[in-house]
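Take a look at the structure set out below.
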Amino acid sequence: MTRNRDGFTLVELIVVSVLGVIVLSAALQVLITNQRTFTAQSAAIEGQQASRMAIEVMFNELRELSPADGDILSMGPSNLRVRLMRKFGIACEIDVGPTASPPRIRVLDNSGDDFAVADDTVLVFADNREATGSDDRWLRVGLVDVDNTVTCLGRPAMDLEVDTAGGLFVNDTVRVGAPVRAYQYFTYGTGLWLYPTTPYLTRDGTPIAGPLRYPGTDGLQFIYRDALGNITSTPTDVRQIEVRIRTGERVMGPGGDMVSDSLDMWIYTRN
């Protein structure tokens, strides 16, 4: 008796296997392409967010600079060290005369953050002759003690016990209503100390944006201009800072394409 032994021949199995490999290869190629596209888009978005965040931070802070009063400590094509205001108050009582014990300035705190001895130094505005602005200046004053339990004009205030060593206040007049600033030092630049292979925009070692384009020589650039728009290398003459941010991130490993974004901004300082 004969039985029906229908099945696939070897040739048919080979043909089906080849077709299956072709279909799977095409599907895998589509997945790889989609993954690369998604990775590139994600890298582009991250670069845009990084550059915009960097510009936003620097715009809000650098426009408060007063180069004429020494807020720019050092400047270079890819780094900038500045003195930034962190707290602000208005003098409502002043007792810094030769008989003051201790010399103090009572301040209405308008910044929402108490002054502290740890801040080390504040700047107090000396108006001197009221009829002219040519002799106005900021006095760098050390803090000895701070009492934040007092009031002034019916509002919470702080008593700042100040250091008058070196004849401070002898030839300068600080009046009621004078601004009082507490400040900190920050450096903007491409630093390698936190991330040895990728430069980031940093403020004293704390990354605020990145990665910048690698190598970092063109990831962050500063151009300094005076009141006439001419490029200057003198910190006290700076009236405009042009900031160029270039972010960059490689897609699919070190040999992949570089996805980058760039932003330029012109920041005008206070004076």
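Naming scheme: A, B, ... for chains in displayed order of the structure tokens; residues 1 onward per chain; ligands 1 onward as shown.
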
For range 73-85 of chain A, list every protein, DNA or RNA residue within 9 Å, evaluated using only C-alpha atoms, and leave out those in the same chain fewer than 4 positions away; present the list as a list of chain:residue names.
-> A:Glu61, A:Leu62, A:Glu64, A:Leu65, A:Pro67, A:Arg181, A:Ala182, A:Tyr183, A:Gln184, A:Tyr185, A:Phe186, A:Thr187, A:Tyr188, A:Gly189, A:Thr190, A:Gly216, A:Thr217, A:Asp218, A:Gly219, A:Leu220, A:Gln221, A:Phe222, A:Ile223, A:Tyr224, A:Ser233, A:Thr234, A:Pro235

If you count only C-alpha atoms, which residues fall within 12 Å of Val57 in chain A, apart from same-chain ones fewer than 3 positions away, as a PyMOL selection string?
-> chain A and resi 50-54+60-64+188+201-203+207-209+243+265+267

Select, from A:Gly142, A:Gly154, A:Gly70, A:Gly20, the residue with the minimum atom-to-atom distance to Asn271 in chain A, counting only C-alpha atoms.
-> A:Gly70

Just asking: which residues within range 5-201 of chain A are strand (DSSP E or B) according to DSSP, as a PyMOL selection string?
-> chain A and resi 72-75+79-95+104-109+121-126+137-152+155-163+179-191+200-201

Measuring atom to atom with only C-alpha atoms, identify which of A:Val16, A:Val170, A:Ile245, A:Ile55 is nearest to Pro211 in chain A.
-> A:Ile245

Would you kindly return, as a list in words, each protein, DNA or RNA residue with an atom no farther than 9 Å from any atom of Arg137 in chain A, considering only C-alpha atoms and excluding same-chain residues fewer than 6 positions away?
-> Asp69, Val124, Phe125, Ala126, Asp127, Asn128 and Asp172 of chain A

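If only C-alpha atoms are the atoms counted, then among A:Thr33, A:Phe8, A:Val144, A:Gln240 the closest residue to Ala165 in chain A is A:Val144.
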
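We find CA of Gly89 in chain A and CA of Ser66 in chain A to be spaced 17.2 Å apart.
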
Any idea what's packed within 10 Å of Arg155 in chain A, counting only C-alpha atoms, ignoring anything in its chain fewer than 5 positions away? Could you give it as an mmCIF file with N, CA and C atoms, in the first residue's frame?
data_model
loop_
_atom_site.group_PDB
_atom_site.id
_atom_site.type_symbol
_atom_site.label_atom_id
_atom_site.label_comp_id
_atom_site.auth_asym_id
_atom_site.auth_seq_id
_atom_site.Cartn_x
_atom_site.Cartn_y
_atom_site.Cartn_z
ATOM 1 N N LEU A 108 17.509 96.955 54.720
ATOM 2 C CA LEU A 108 16.263 96.294 54.319
ATOM 3 C C LEU A 108 16.613 95.290 53.232
ATOM 4 N N ASP A 109 16.335 94.030 53.477
ATOM 5 C CA ASP A 109 16.733 92.974 52.544
ATOM 6 C C ASP A 109 15.651 92.811 51.485
ATOM 7 N N VAL A 150 16.398 92.219 63.612
ATOM 8 C CA VAL A 150 16.021 93.610 63.850
ATOM 9 C C VAL A 150 14.987 94.056 62.824
#

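Shortest separation to Glu130 in chain A among A:Thr173, A:Gln41, A:Thr99, A:Thr164 occurs at residue A:Thr173, atoms counted being only C-alpha atoms.
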